[in-house]
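Taking it in order: structure first as structure tokens, then the write-up.
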Amino acid sequence: ANMGRFTRAYDGYNKPYEYYFDAGGLVPGRVYRAYVRALNVVGPGPDSEVIYKEMAVEPSAPTSLEVTPRSESSVSCAWYPPMNNGGEPIDHFIVEYAPEPLFNAWSEAARPDNTEFYAVVNALEKGILYQFRV
């Protein structure tokens, strides 16, 4: 299949000690391909192997959220990680809560890292109904 032409993303002229290039503005979910070529005063060397990389997308939602009362003003939240990480490791989770009556004023309660599937939410008001999400 014809993959189209390559576009030069970086020119290392007069930068012999730079071995890294950070390409910005890439589209999530799109597959990109790249190769590297070295040049010196004699001319260009051979191209490196062409690599293909699919850019990551947003992960799927965590599943099986369970909220358990701990006291009159706190709950514990537990969940399972997303089934799909979107192509890159999960960095952290965001646990939020919203009070009745509209359940639309979300507040962040915790930011556990990617190894924790549990958080405690404190300082809730007694007698108020809350929704929780991760």
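Residues are referred to by chain and number: the chain letter is A, B, ... according to the order shown in the structure tokens, the number counts from 1 in that chain, and ligands are numbered separately from 1 in the order shown.
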
Kindly provide the residues of segment 34-95 of chain A that approach segment 128-133 of chain A to within 10 Å, each paired with its closest atom pair and their distance in Å to one decimal, based on only C-alpha atoms, listed by chain and increasing number, as JSON lines.
```
{"residue": "A:Ala61", "atom": "CA", "partner": "A:Arg133", "partner_atom": "CA", "distance": 9.9}
{"residue": "A:Pro62", "atom": "CA", "partner": "A:Arg133", "partner_atom": "CA", "distance": 9.2}
{"residue": "A:Leu65", "atom": "CA", "partner": "A:Arg133", "partner_atom": "CA", "distance": 7.7}
{"residue": "A:Glu66", "atom": "CA", "partner": "A:Phe132", "partner_atom": "CA", "distance": 9.3}
{"residue": "A:Val67", "atom": "CA", "partner": "A:Phe132", "partner_atom": "CA", "distance": 7.8}
{"residue": "A:Ser73", "atom": "CA", "partner": "A:Ile128", "partner_atom": "CA", "distance": 9.7}
{"residue": "A:Cys77", "atom": "CA", "partner": "A:Phe132", "partner_atom": "CA", "distance": 8.2}
{"residue": "A:Trp79", "atom": "CA", "partner": "A:Arg133", "partner_atom": "CA", "distance": 9.8}
{"residue": "A:Ile94", "atom": "CA", "partner": "A:Arg133", "partner_atom": "CA", "distance": 8.2}
{"residue": "A:Val95", "atom": "CA", "partner": "A:Arg133", "partner_atom": "CA", "distance": 5.9}
```

Using only C-alpha atoms, please write the residues we just selected to a file, as a PDB file, in the first residue's frame.
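Wrote it out as again_21.pdb, contents follow:
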```
ATOM      1  CA  ALA A  61     -13.814   4.478  32.077  1.00  0.00           C
ATOM      2  CA  PRO A  62     -12.925   2.708  35.315  1.00  0.00           C
ATOM      3  CA  LEU A  65     -17.293   1.735  41.397  1.00  0.00           C
ATOM      4  CA  GLU A  66     -18.388   0.820  44.922  1.00  0.00           C
ATOM      5  CA  VAL A  67     -19.015   3.467  47.592  1.00  0.00           C
ATOM      6  CA  SER A  73     -19.062  12.386  56.951  1.00  0.00           C
ATOM      7  CA  CYS A  77     -14.607   4.496  46.980  1.00  0.00           C
ATOM      8  CA  TRP A  79     -13.085   0.600  41.521  1.00  0.00           C
ATOM      9  CA  ILE A  94      -9.597  11.573  39.694  1.00  0.00           C
ATOM     10  CA  VAL A  95     -12.297  10.869  42.290  1.00  0.00           C
TER      11      VAL A  95
END
```

### Task
Report the residues of chain A whose backbone DSSP state falls under strand (DSSP E), written as an NGL selection string.
:A and (31-34 or 37-39 or 44-47 or 51-54 or 63-71 or 74-80 or 95-99 or 107-110 or 118-121 or 130-133)

### Task
Find the residues around segment 7-10 of chain A up to 12 Å (only C-alpha atoms counted), leave out those fewer than 4 positions away in its own chain, and share them as a list in words.
Met3, Lys15, Glu18, Tyr19, Tyr20, Phe21, Asp22, Ala23, Gly24, Gly25, Leu26, Tyr32, Arg33, Ala34, Tyr35, Val36, Arg37 and Ala38 of chain A

Residues near Ser107 of chain A, anyone? I mean within 9 Å using only C-alpha atoms, not counting same-chain ones fewer than 6 positions away, as a PDB file with N, CA, C and O atoms, in the first residue's frame.
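Contents of part-v4.pdb, as written:
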```
ATOM      1  N   VAL A  95     -11.057  11.236  41.589  1.00  0.00           N
ATOM      2  CA  VAL A  95     -12.297  10.869  42.290  1.00  0.00           C
ATOM      3  C   VAL A  95     -13.038  12.168  42.591  1.00  0.00           C
ATOM      4  O   VAL A  95     -12.468  13.095  43.181  1.00  0.00           O
ATOM      5  N   GLU A  96     -14.303  12.237  42.171  1.00  0.00           N
ATOM      6  CA  GLU A  96     -15.107  13.448  42.363  1.00  0.00           C
ATOM      7  C   GLU A  96     -16.443  13.101  42.998  1.00  0.00           C
ATOM      8  O   GLU A  96     -16.903  11.959  42.924  1.00  0.00           O
ATOM      9  N   TYR A  97     -17.064  14.124  43.598  1.00  0.00           N
ATOM     10  CA  TYR A  97     -18.394  13.955  44.177  1.00  0.00           C
ATOM     11  C   TYR A  97     -19.225  15.209  43.893  1.00  0.00           C
ATOM     12  O   TYR A  97     -18.692  16.297  43.691  1.00  0.00           O
ATOM     13  N   ALA A  98     -20.563  15.024  43.869  1.00  0.00           N
ATOM     14  CA  ALA A  98     -21.492  16.125  43.642  1.00  0.00           C
ATOM     15  C   ALA A  98     -22.690  15.945  44.569  1.00  0.00           C
ATOM     16  O   ALA A  98     -23.224  14.842  44.691  1.00  0.00           O
TER      17      ALA A  98
END
```

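Proximity of A:Thr63, A:Glu88, A:Val57, A:Ala109 to Pro28 of chain A, computed with only C-alpha atoms, is greatest for A:Val57.
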
### Task
Tell me which protein, DNA and RNA residues are within 9 Å of Asn84 of chain A, counting only C-alpha atoms, leaving out same-chain ones fewer than 3 positions away, and put them as a count of residues only.
6

#### Entry: Residues within 12 Å of Thr115 of chain A, only C-alpha atoms, excluding chain neighbours under 4 positions, as a list in words
Trp79, Tyr80, Pro81, Pro89, Ile90, Asp91, His92, Phe93, Arg111 and Ala119 of chain A

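Atom CA of Asn14 of chain A lies 27.9 Å from atom CA of Lys53 of chain A.
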